[in-house]
Amino acid sequence: MHVDTQLEAALRALDHWPRFRLRLFFEGIVVGILSGTVISFFRWGLEMGTVWRQWIYANVLASGGVLLNLSWFGVLLAAALLLWHLGIYEPNAGGSGIPQVKGVILGAIRMRWLRILWVKLIGGIVGIGLGLSLGREGPSIQIGAVTAQGLSRALGRTRMEERYLITAGASAGLAAAFNAPLAGVMFALEELHRNFSGVVLAPSMAAALLATMVSRYVFGRAPVFHFGMLPPFPLRYMWLVVILGIIIGLAGVVFNKGLLNIHYFYDLPVFRNNYMRIAFALCMAGILGYVFPEVLGGGNDLVNSLYTLPLSLKLFAGLLIGKFLFTLVSYGCGVPGGFFLPMLVLGALTGGITGIVFVRLGLISSYYLSNIVVISMAAFFAASVQSPVTGTILIMEMTSSYEHLLVLCTASLVALVVAQLCQGEPIYEALLQRNLAKNKPVLSSEERRNLLELTVSSGSQADGKYVGRIAWPAHTVIVDIKRGSGDIIPDDDTCLRAGDFIYVLTDSIEGAESIRNIVEKTKS
């Protein structure tokens, strides 16, 4: 669609807002069905890959000779070659995919949806299936986003509408990956779109609900994590939750530092190209398959087995160190796969160690150890991603522990405060900024010209200011302002208020970021 036609269509949508919102809602339903179907196939492929890997180690390699075992490493090296070529073919399909989706919603990155879709599917199934410590949720979010982008392109939608649909697709991705529709919606709004307007909420919720229905039709209604019967957590132990939040907050900062600095390891001269990095990670997976198979893959089976393990600090510490180091090695090599699920596993293991210490000190009964593990996962997510509401809802849905809202919120907020006091960065934001700094996107003038929807935040530079007295970046036009259920035609004498939705036309990434700082960031 030509840029002038795009702008005209976007302005028509603003003029016919109720009809536009209704259309987005129905498109969100379609996005949910399509995304849920594709992600269900992805989940099935990962499960089959895990089953085959475990069967090969238990029934083939264990009883095979030296030649057969060496042949297995030949398979791993061949898989590394495949993943290397896939990464060259489509670089934006590598890694988690969540920073790339954030970049597209911000108008800073371009995604070629069809290439990313099939590369992410194949690369994720091969890499995670062979044992890399990566999760399905990041790829699922990107798969949902590019599926929505493909639908938008097929329908000839504007880039403004496409961003709404991409957000809905990302919401469907997390919902289908974890059977967690509310967490999918909250993650898309709190972390990706950072906007809670009704126009983005409706399609995101529709997509998440439909994607979850498709996923549950294929995989059933069972939650991802099983802890048996989780008893209610007594309020008299709330002070332990605060201590736990502090410990997990520090652990989340360490995890983020490790992810952001693993590239120094892969920058060593021995790794002359990306193939050698991927081959190293897969060969490490091959070795661990013999000596420490518990740390392979995403790790949800490991979490489900924690409440059956003996209360051994040595065992839990070994699992934590092994999972932490292998997650860094796996993510750092750059193949398709996220760290979302391994991050929750690390939170569970850190909580397990802390809980064992509490038990041995006589501070709490071992009866509540599973509760501490669940609380720790939410707190670890909040410390690393710095989206505490999403983390709380996600863990409630993944464990079916809805009665733990109070303690989950408490631990998440404490962990968030600790992470921010330690100057920890939100991990997906930091990865996006690093990606943009390393690979400066080359966008056409049409792609740079965006109509943005922004919310005026209380205490921001724009709150209570007249439009004409705000130092907007060059080449910026305020197109429309929506306040409550009404529209305001903007002019220099229009006073902006907190909660206003403003629609801004800009022609550069830098200009868009400057506008966000003016409108959405609170003055320090």
# chains A, B, ... in the order shown; residues from 1 in each chain; ligands from 1
>>> residues_around(residues="Arg483 (chain A)", least_positions_apart="4", cutoff="12 Å", atoms="only C-alpha atoms", output="PDB file with all heavy atoms, in the first residue's frame")
ATOM      1  N   SER A 197      -4.992   0.736  25.845  1.00  0.00           N
ATOM      2  CA  SER A 197      -6.218   1.264  25.265  1.00  0.00           C
ATOM      3  C   SER A 197      -7.124   0.123  24.822  1.00  0.00           C
ATOM      4  O   SER A 197      -6.678  -0.987  24.537  1.00  0.00           O
ATOM      5  CB  SER A 197      -5.881   2.152  24.064  1.00  0.00           C
ATOM      6  OG  SER A 197      -5.401   1.386  22.981  1.00  0.00           O
ATOM      7  N   THR A 455      -0.113   7.107  24.876  1.00  0.00           N
ATOM      8  CA  THR A 455      -0.944   7.516  26.015  1.00  0.00           C
ATOM      9  C   THR A 455      -0.192   8.554  26.831  1.00  0.00           C
ATOM     10  O   THR A 455       0.965   8.340  27.208  1.00  0.00           O
ATOM     11  CB  THR A 455      -1.270   6.309  26.899  1.00  0.00           C
ATOM     12  OG1 THR A 455      -1.824   5.270  26.097  1.00  0.00           O
ATOM     13  CG2 THR A 455      -2.266   6.694  27.973  1.00  0.00           C
ATOM     14  N   VAL A 456      -0.829   9.674  27.119  1.00  0.00           N
ATOM     15  CA  VAL A 456      -0.203  10.700  27.945  1.00  0.00           C
ATOM     16  C   VAL A 456      -0.154  10.197  29.387  1.00  0.00           C
ATOM     17  O   VAL A 456      -1.190   9.919  29.993  1.00  0.00           O
ATOM     18  CB  VAL A 456      -0.984  12.028  27.874  1.00  0.00           C
ATOM     19  CG1 VAL A 456      -0.335  13.068  28.777  1.00  0.00           C
ATOM     20  CG2 VAL A 456      -1.038  12.533  26.431  1.00  0.00           C
ATOM     21  N   ASP A 487     -13.642  12.762  20.716  1.00  0.00           N
ATOM     22  CA  ASP A 487     -12.495  13.150  19.902  1.00  0.00           C
ATOM     23  C   ASP A 487     -12.248  14.644  20.073  1.00  0.00           C
ATOM     24  O   ASP A 487     -13.179  15.426  20.257  1.00  0.00           O
ATOM     25  CB  ASP A 487     -12.744  12.863  18.416  1.00  0.00           C
ATOM     26  CG  ASP A 487     -12.698  11.374  18.112  1.00  0.00           C
ATOM     27  OD1 ASP A 487     -12.255  10.622  18.988  1.00  0.00           O
ATOM     28  OD2 ASP A 487     -13.129  10.979  17.011  1.00  0.00           O
ATOM     29  N   ILE A 488     -10.968  15.011  19.994  1.00  0.00           N
ATOM     30  CA  ILE A 488     -10.580  16.416  20.033  1.00  0.00           C
ATOM     31  C   ILE A 488      -9.725  16.699  18.813  1.00  0.00           C
ATOM     32  O   ILE A 488      -8.744  15.993  18.551  1.00  0.00           O
ATOM     33  CB  ILE A 488      -9.779  16.736  21.317  1.00  0.00           C
ATOM     34  CG1 ILE A 488     -10.629  16.484  22.559  1.00  0.00           C
ATOM     35  CG2 ILE A 488      -9.284  18.175  21.293  1.00  0.00           C
ATOM     36  CD1 ILE A 488      -9.865  16.641  23.851  1.00  0.00           C
ATOM     37  N   ILE A 489     -10.105  17.701  18.062  1.00  0.00           N
ATOM     38  CA  ILE A 489      -9.269  18.118  16.927  1.00  0.00           C
ATOM     39  C   ILE A 489      -8.115  18.937  17.483  1.00  0.00           C
ATOM     40  O   ILE A 489      -8.325  19.985  18.105  1.00  0.00           O
ATOM     41  CB  ILE A 489     -10.080  18.946  15.923  1.00  0.00           C
ATOM     42  CG1 ILE A 489     -11.234  18.113  15.356  1.00  0.00           C
ATOM     43  CG2 ILE A 489      -9.180  19.451  14.797  1.00  0.00           C
ATOM     44  CD1 ILE A 489     -12.150  18.882  14.428  1.00  0.00           C
ATOM     45  N   PRO A 490      -6.875  18.458  17.345  1.00  0.00           N
ATOM     46  CA  PRO A 490      -5.756  19.127  18.015  1.00  0.00           C
ATOM     47  C   PRO A 490      -5.375  20.446  17.353  1.00  0.00           C
ATOM     48  O   PRO A 490      -5.400  20.580  16.129  1.00  0.00           O
ATOM     49  CB  PRO A 490      -4.617  18.106  17.890  1.00  0.00           C
ATOM     50  CG  PRO A 490      -4.960  17.310  16.671  1.00  0.00           C
ATOM     51  CD  PRO A 490      -6.447  17.263  16.597  1.00  0.00           C
ATOM     52  N   THR A 494      -4.767  23.302  22.455  1.00  0.00           N
ATOM     53  CA  THR A 494      -5.322  22.103  23.093  1.00  0.00           C
ATOM     54  C   THR A 494      -4.427  21.689  24.260  1.00  0.00           C
ATOM     55  O   THR A 494      -3.221  21.512  24.097  1.00  0.00           O
ATOM     56  CB  THR A 494      -5.421  20.941  22.096  1.00  0.00           C
ATOM     57  OG1 THR A 494      -6.247  21.323  20.992  1.00  0.00           O
ATOM     58  CG2 THR A 494      -6.009  19.708  22.770  1.00  0.00           C
ATOM     59  N   CYS A 495      -5.020  21.552  25.439  1.00  0.00           N
ATOM     60  CA  CYS A 495      -4.267  21.145  26.633  1.00  0.00           C
ATOM     61  C   CYS A 495      -4.365  19.632  26.794  1.00  0.00           C
ATOM     62  O   CYS A 495      -5.468  19.075  26.873  1.00  0.00           O
ATOM     63  CB  CYS A 495      -4.814  21.853  27.865  1.00  0.00           C
ATOM     64  SG  CYS A 495      -3.877  21.505  29.375  1.00  0.00           S
ATOM     65  N   LEU A 496      -3.223  18.974  26.825  1.00  0.00           N
ATOM     66  CA  LEU A 496      -3.191  17.524  26.989  1.00  0.00           C
ATOM     67  C   LEU A 496      -3.355  17.154  28.460  1.00  0.00           C
ATOM     68  O   LEU A 496      -2.872  17.852  29.352  1.00  0.00           O
ATOM     69  CB  LEU A 496      -1.870  16.959  26.459  1.00  0.00           C
ATOM     70  CG  LEU A 496      -1.585  17.165  24.976  1.00  0.00           C
ATOM     71  CD1 LEU A 496      -0.214  16.624  24.612  1.00  0.00           C
ATOM     72  CD2 LEU A 496      -2.660  16.489  24.124  1.00  0.00           C
ATOM     73  N   ARG A 497      -4.020  16.038  28.690  1.00  0.00           N
ATOM     74  CA  ARG A 497      -4.240  15.540  30.043  1.00  0.00           C
ATOM     75  C   ARG A 497      -3.796  14.086  30.140  1.00  0.00           C
ATOM     76  O   ARG A 497      -3.813  13.353  29.144  1.00  0.00           O
ATOM     77  CB  ARG A 497      -5.726  15.648  30.420  1.00  0.00           C
ATOM     78  CG  ARG A 497      -6.291  17.050  30.410  1.00  0.00           C
ATOM     79  CD  ARG A 497      -7.773  17.002  30.725  1.00  0.00           C
ATOM     80  NE  ARG A 497      -8.403  18.314  30.607  1.00  0.00           N
ATOM     81  CZ  ARG A 497      -9.711  18.517  30.703  1.00  0.00           C
ATOM     82  NH1 ARG A 497     -10.514  17.480  30.916  1.00  0.00           N
ATOM     83  NH2 ARG A 497     -10.204  19.743  30.582  1.00  0.00           N
ATOM     84  N   ALA A 498      -3.426  13.688  31.351  1.00  0.00           N
ATOM     85  CA  ALA A 498      -3.060  12.291  31.575  1.00  0.00           C
ATOM     86  C   ALA A 498      -4.227  11.383  31.199  1.00  0.00           C
ATOM     87  O   ALA A 498      -5.375  11.652  31.557  1.00  0.00           O
ATOM     88  CB  ALA A 498      -2.669  12.075  33.033  1.00  0.00           C
ATOM     89  N   GLY A 499      -3.933  10.327  30.449  1.00  0.00           N
ATOM     90  CA  GLY A 499      -4.970   9.417  29.991  1.00  0.00           C
ATOM     91  C   GLY A 499      -5.424   9.676  28.580  1.00  0.00           C
ATOM     92  O   GLY A 499      -6.126   8.833  27.993  1.00  0.00           O
ATOM     93  N   ASP A 500      -5.057  10.828  27.994  1.00  0.00           N
ATOM     94  CA  ASP A 500      -5.398  11.100  26.597  1.00  0.00           C
ATOM     95  C   ASP A 500      -4.645  10.122  25.685  1.00  0.00           C
ATOM     96  O   ASP A 500      -3.480   9.804  25.932  1.00  0.00           O
ATOM     97  CB  ASP A 500      -5.014  12.522  26.204  1.00  0.00           C
ATOM     98  CG  ASP A 500      -5.947  13.566  26.791  1.00  0.00           C
ATOM     99  OD1 ASP A 500      -6.998  13.176  27.316  1.00  0.00           O
ATOM    100  OD2 ASP A 500      -5.601  14.760  26.727  1.00  0.00           O
ATOM    101  N   PHE A 501      -5.313   9.683  24.635  1.00  0.00           N
ATOM    102  CA  PHE A 501      -4.651   8.922  23.580  1.00  0.00           C
ATOM    103  C   PHE A 501      -4.405   9.874  22.419  1.00  0.00           C
ATOM    104  O   PHE A 501      -5.350  10.455  21.878  1.00  0.00           O
ATOM    105  CB  PHE A 501      -5.513   7.741  23.128  1.00  0.00           C
ATOM    106  CG  PHE A 501      -5.689   6.686  24.181  1.00  0.00           C
ATOM    107  CD1 PHE A 501      -6.821   6.659  24.980  1.00  0.00           C
ATOM    108  CD2 PHE A 501      -4.704   5.727  24.390  1.00  0.00           C
ATOM    109  CE1 PHE A 501      -6.984   5.704  25.957  1.00  0.00           C
ATOM    110  CE2 PHE A 501      -4.850   4.761  25.370  1.00  0.00           C
ATOM    111  CZ  PHE A 501      -5.988   4.746  26.153  1.00  0.00           C
ATOM    112  N   ILE A 502      -3.128  10.054  22.076  1.00  0.00           N
ATOM    113  CA  ILE A 502      -2.806  10.959  20.975  1.00  0.00           C
ATOM    114  C   ILE A 502      -2.234  10.156  19.820  1.00  0.00           C
ATOM    115  O   ILE A 502      -1.557   9.140  20.019  1.00  0.00           O
ATOM    116  CB  ILE A 502      -1.830  12.075  21.415  1.00  0.00           C
ATOM    117  CG1 ILE A 502      -0.448  11.511  21.729  1.00  0.00           C
ATOM    118  CG2 ILE A 502      -2.371  12.822  22.614  1.00  0.00           C
ATOM    119  CD1 ILE A 502       0.590  12.588  21.962  1.00  0.00           C
ATOM    120  N   TYR A 503      -2.512  10.618  18.611  1.00  0.00           N
ATOM    121  CA  TYR A 503      -2.072   9.941  17.395  1.00  0.00           C
ATOM    122  C   TYR A 503      -1.140  10.896  16.658  1.00  0.00           C
ATOM    123  O   TYR A 503      -1.540  11.992  16.259  1.00  0.00           O
ATOM    124  CB  TYR A 503      -3.287   9.536  16.550  1.00  0.00           C
ATOM    125  CG  TYR A 503      -4.138   8.540  17.304  1.00  0.00           C
ATOM    126  CD1 TYR A 503      -5.070   8.970  18.250  1.00  0.00           C
ATOM    127  CD2 TYR A 503      -3.947   7.175  17.123  1.00  0.00           C
ATOM    128  CE1 TYR A 503      -5.819   8.063  18.986  1.00  0.00           C
ATOM    129  CE2 TYR A 503      -4.697   6.263  17.854  1.00  0.00           C
ATOM    130  CZ  TYR A 503      -5.623   6.705  18.787  1.00  0.00           C
ATOM    131  OH  TYR A 503      -6.345   5.802  19.515  1.00  0.00           O
TER     132      TYR A 503
END
>>> residues_around(residues="region 335-344 of chain A", least_positions_apart="3", cutoff="8 Å", atoms="only C-alpha atoms", output="JSON, numbers by chain")
{"A": [83, 84, 87, 93, 94, 95, 96, 97, 120, 123, 124, 127, 128, 133, 134, 135, 136, 137, 138, 139, 278, 298, 299, 300, 323, 327, 330, 331, 347, 348, 377, 378, 380, 381]}
>>> select_by_dssp(residues="region 48-158 of chain A", states="helix (DSSP H, G or I)", output="number ranges by chain")
A: 48-61, 66-89, 91-93, 98-105, 113-129, 137-155
>>> atom_distance(atom1="CA of Leu452 (chain A)", atom2="CA of Thr506 (chain A)")
7.9 Å
>>> closest_atom_pairs(of="region 175-212 of chain A", to="region 154-165 of chain A", cutoff="9 Å", atoms="only C-alpha atoms", output="CSV")
residue,atom,partner,partner_atom,distance
A:His193,CA,A:Tyr164,CA,8.5
A:Val199,CA,A:Tyr164,CA,8.0
A:Val200,CA,A:Tyr164,CA,5.8
A:Pro203,CA,A:Leu165,CA,7.2
A:Ser204,CA,A:Leu165,CA,7.8
>>> write_last_selection(atoms="all heavy atoms", output="PDB file, in the first residue's frame")
ATOM      1  N   HIS A 193       3.472  -3.737  23.748  1.00  0.00           N
ATOM      2  CA  HIS A 193       2.819  -2.537  23.211  1.00  0.00           C
ATOM      3  C   HIS A 193       2.894  -1.362  24.174  1.00  0.00           C
ATOM      4  O   HIS A 193       2.894  -0.205  23.754  1.00  0.00           O
ATOM      5  CB  HIS A 193       1.350  -2.843  22.887  1.00  0.00           C
ATOM      6  CG  HIS A 193       0.755  -1.937  21.861  1.00  0.00           C
ATOM      7  ND1 HIS A 193       0.837  -2.184  20.514  1.00  0.00           N
ATOM      8  CD2 HIS A 193       0.085  -0.777  21.974  1.00  0.00           C
ATOM      9  CE1 HIS A 193       0.228  -1.216  19.850  1.00  0.00           C
ATOM     10  NE2 HIS A 193      -0.240  -0.356  20.717  1.00  0.00           N
ATOM     11  N   VAL A 199      -8.580  -0.254  22.106  1.00  0.00           N
ATOM     12  CA  VAL A 199      -8.398  -0.652  20.716  1.00  0.00           C
ATOM     13  C   VAL A 199      -7.345  -1.744  20.575  1.00  0.00           C
ATOM     14  O   VAL A 199      -7.398  -2.564  19.658  1.00  0.00           O
ATOM     15  CB  VAL A 199      -8.032   0.579  19.848  1.00  0.00           C
ATOM     16  CG1 VAL A 199      -6.639   1.094  20.167  1.00  0.00           C
ATOM     17  CG2 VAL A 199      -8.135   0.247  18.367  1.00  0.00           C
ATOM     18  N   VAL A 200      -6.387  -1.815  21.468  1.00  0.00           N
ATOM     19  CA  VAL A 200      -5.396  -2.893  21.422  1.00  0.00           C
ATOM     20  C   VAL A 200      -5.795  -4.037  22.347  1.00  0.00           C
ATOM     21  O   VAL A 200      -5.442  -5.190  22.111  1.00  0.00           O
ATOM     22  CB  VAL A 200      -3.991  -2.360  21.780  1.00  0.00           C
ATOM     23  CG1 VAL A 200      -3.911  -1.931  23.234  1.00  0.00           C
ATOM     24  CG2 VAL A 200      -2.923  -3.391  21.491  1.00  0.00           C
ATOM     25  N   PRO A 203      -8.582  -6.859  20.405  1.00  0.00           N
ATOM     26  CA  PRO A 203      -8.028  -7.904  19.526  1.00  0.00           C
ATOM     27  C   PRO A 203      -7.028  -8.802  20.235  1.00  0.00           C
ATOM     28  O   PRO A 203      -6.944 -10.000  19.934  1.00  0.00           O
ATOM     29  CB  PRO A 203      -7.371  -7.106  18.406  1.00  0.00           C
ATOM     30  CG  PRO A 203      -7.118  -5.753  18.960  1.00  0.00           C
ATOM     31  CD  PRO A 203      -8.234  -5.515  19.926  1.00  0.00           C
ATOM     32  N   SER A 204      -6.263  -8.255  21.187  1.00  0.00           N
ATOM     33  CA  SER A 204      -5.293  -9.080  21.911  1.00  0.00           C
ATOM     34  C   SER A 204      -5.990 -10.136  22.757  1.00  0.00           C
ATOM     35  O   SER A 204      -5.575 -11.300  22.798  1.00  0.00           O
ATOM     36  CB  SER A 204      -4.411  -8.196  22.799  1.00  0.00           C
ATOM     37  OG  SER A 204      -3.630  -7.324  22.020  1.00  0.00           O
TER      38      SER A 204
END
>>> residues_around(residues="Leu34 (chain A)", least_positions_apart="5", cutoff="10 Å", atoms="only C-alpha atoms", output="VMD selection string")
chain A and resid 28 to 29 39 to 40 144 147 to 148 151 169 172 207 210 to 211 214
>>> atom_distance(atom1="CA of Ser387 (chain A)", atom2="CA of Asn371 (chain A)")
20.9 Å
>>> atom_distance(atom1="CA of Leu320 (chain A)", atom2="CA of Leu349 (chain A)")
5.7 Å
>>> residues_around(residues="Ala222 (chain A)", least_positions_apart="5", cutoff="10 Å", atoms="only C-alpha atoms", output="PyMOL selection string")
chain A and resi 179+216+398-400
>>> write_last_selection(atoms="all heavy atoms", output="tab-separated table (two decimals), in the first residue's frame")
chain	number	residue	atom	x	y	z
A	179	ASN	N	-0.78	-22.21	27.71
A	179	ASN	CA	-2.17	-22.34	28.16
A	179	ASN	C	-2.51	-21.23	29.16
A	179	ASN	O	-3.14	-21.46	30.20
A	179	ASN	CB	-2.41	-23.70	28.81
A	179	ASN	CG	-2.82	-24.75	27.80
A	179	ASN	OD1	-3.08	-24.45	26.64
A	179	ASN	ND2	-2.87	-26.00	28.23
A	216	ARG	N	-5.65	-25.93	23.78
A	216	ARG	CA	-6.24	-26.88	24.72
A	216	ARG	C	-6.96	-28.01	24.00
A	216	ARG	O	-7.05	-29.13	24.53
A	216	ARG	CB	-7.20	-26.15	25.67
A	216	ARG	CG	-6.49	-25.26	26.67
A	216	ARG	CD	-7.43	-24.61	27.66
A	216	ARG	NE	-6.69	-23.82	28.64
A	216	ARG	CZ	-7.23	-23.11	29.61
A	216	ARG	NH1	-8.56	-23.08	29.73
A	216	ARG	NH2	-6.49	-22.43	30.45
A	398	MET	N	-0.02	-20.87	35.03
A	398	MET	CA	0.82	-22.03	34.73
A	398	MET	C	0.79	-23.07	35.84
A	398	MET	O	1.12	-24.24	35.60
A	398	MET	CB	2.26	-21.59	34.47
A	398	MET	CG	2.45	-20.79	33.20
A	398	MET	SD	4.16	-20.27	32.94
A	398	MET	CE	4.94	-21.84	32.53
A	399	THR	N	0.42	-22.67	37.04
A	399	THR	CA	0.38	-23.60	38.17
A	399	THR	C	-1.03	-23.83	38.71
A	399	THR	O	-1.21	-24.66	39.61
A	399	THR	CB	1.27	-23.08	39.32
A	399	THR	OG1	0.77	-21.81	39.76
A	399	THR	CG2	2.72	-22.94	38.87
A	400	SER	N	-2.01	-23.08	38.18
A	400	SER	CA	-3.39	-23.13	38.68
A	400	SER	C	-3.45	-22.83	40.17
A	400	SER	O	-4.22	-23.41	40.92
A	400	SER	CB	-4.02	-24.51	38.40
A	400	SER	OG	-4.21	-24.71	37.03
>>> closest_atom_pairs(of="region 141-188 of chain A", to="region 223-239 of chain A", cutoff="12 Å", atoms="only C-alpha atoms", output="CSV")
residue,atom,partner,partner_atom,distance
A:Ala175,CA,A:Val224,CA,11.6
A:Ala176,CA,A:Val224,CA,11.2
A:Ala177,CA,A:Val224,CA,9.3
A:Phe178,CA,A:Val224,CA,6.3
A:Asn179,CA,A:Pro223,CA,6.8
A:Ala180,CA,A:Pro223,CA,8.5
A:Pro181,CA,A:Pro223,CA,11.9
>>> closest_residue(among="A:Gly464, A:Gly318, A:Gly332, A:Gly173", to="Tyr264 (chain A)", atoms="only C-alpha atoms")
A:Gly332
>>> closest_residue(among="A:Leu61, A:Ile372, A:Cys422, A:Leu282", to="Val242 (chain A)", atoms="only C-alpha atoms")
A:Ile372
>>> residues_around(residues="Ala79 (chain A)", least_positions_apart="2", cutoff="12 Å", atoms="only C-alpha atoms", output="JSON, numbers by chain")
{"A": [72, 73, 74, 75, 76, 77, 81, 82, 83, 84, 85, 86, 122, 123, 124, 125, 126, 127, 128, 129, 130, 131, 132, 275, 276, 278, 279, 280, 281, 282, 283, 286, 335]}
>>> closest_residue(among="A:Leu413, A:Ile141, A:Leu431, A:Ile515", to="Leu260 (chain A)", atoms="only C-alpha atoms")
A:Leu431
>>> closest_residue(among="A:Ile395, A:Ala471, A:Leu405, A:Leu240", to="Tyr368 (chain A)", atoms="only C-alpha atoms")
A:Leu240
>>> closest_residue(among="A:Val101, A:Ala462, A:Ala80, A:Val253", to="Arg277 (chain A)", atoms="only C-alpha atoms")
A:Ala80
>>> closest_residue(among="A:Val359, A:Ile481, A:Leu454, A:Ile375", to="Cys409 (chain A)", atoms="only C-alpha atoms")
A:Ile375
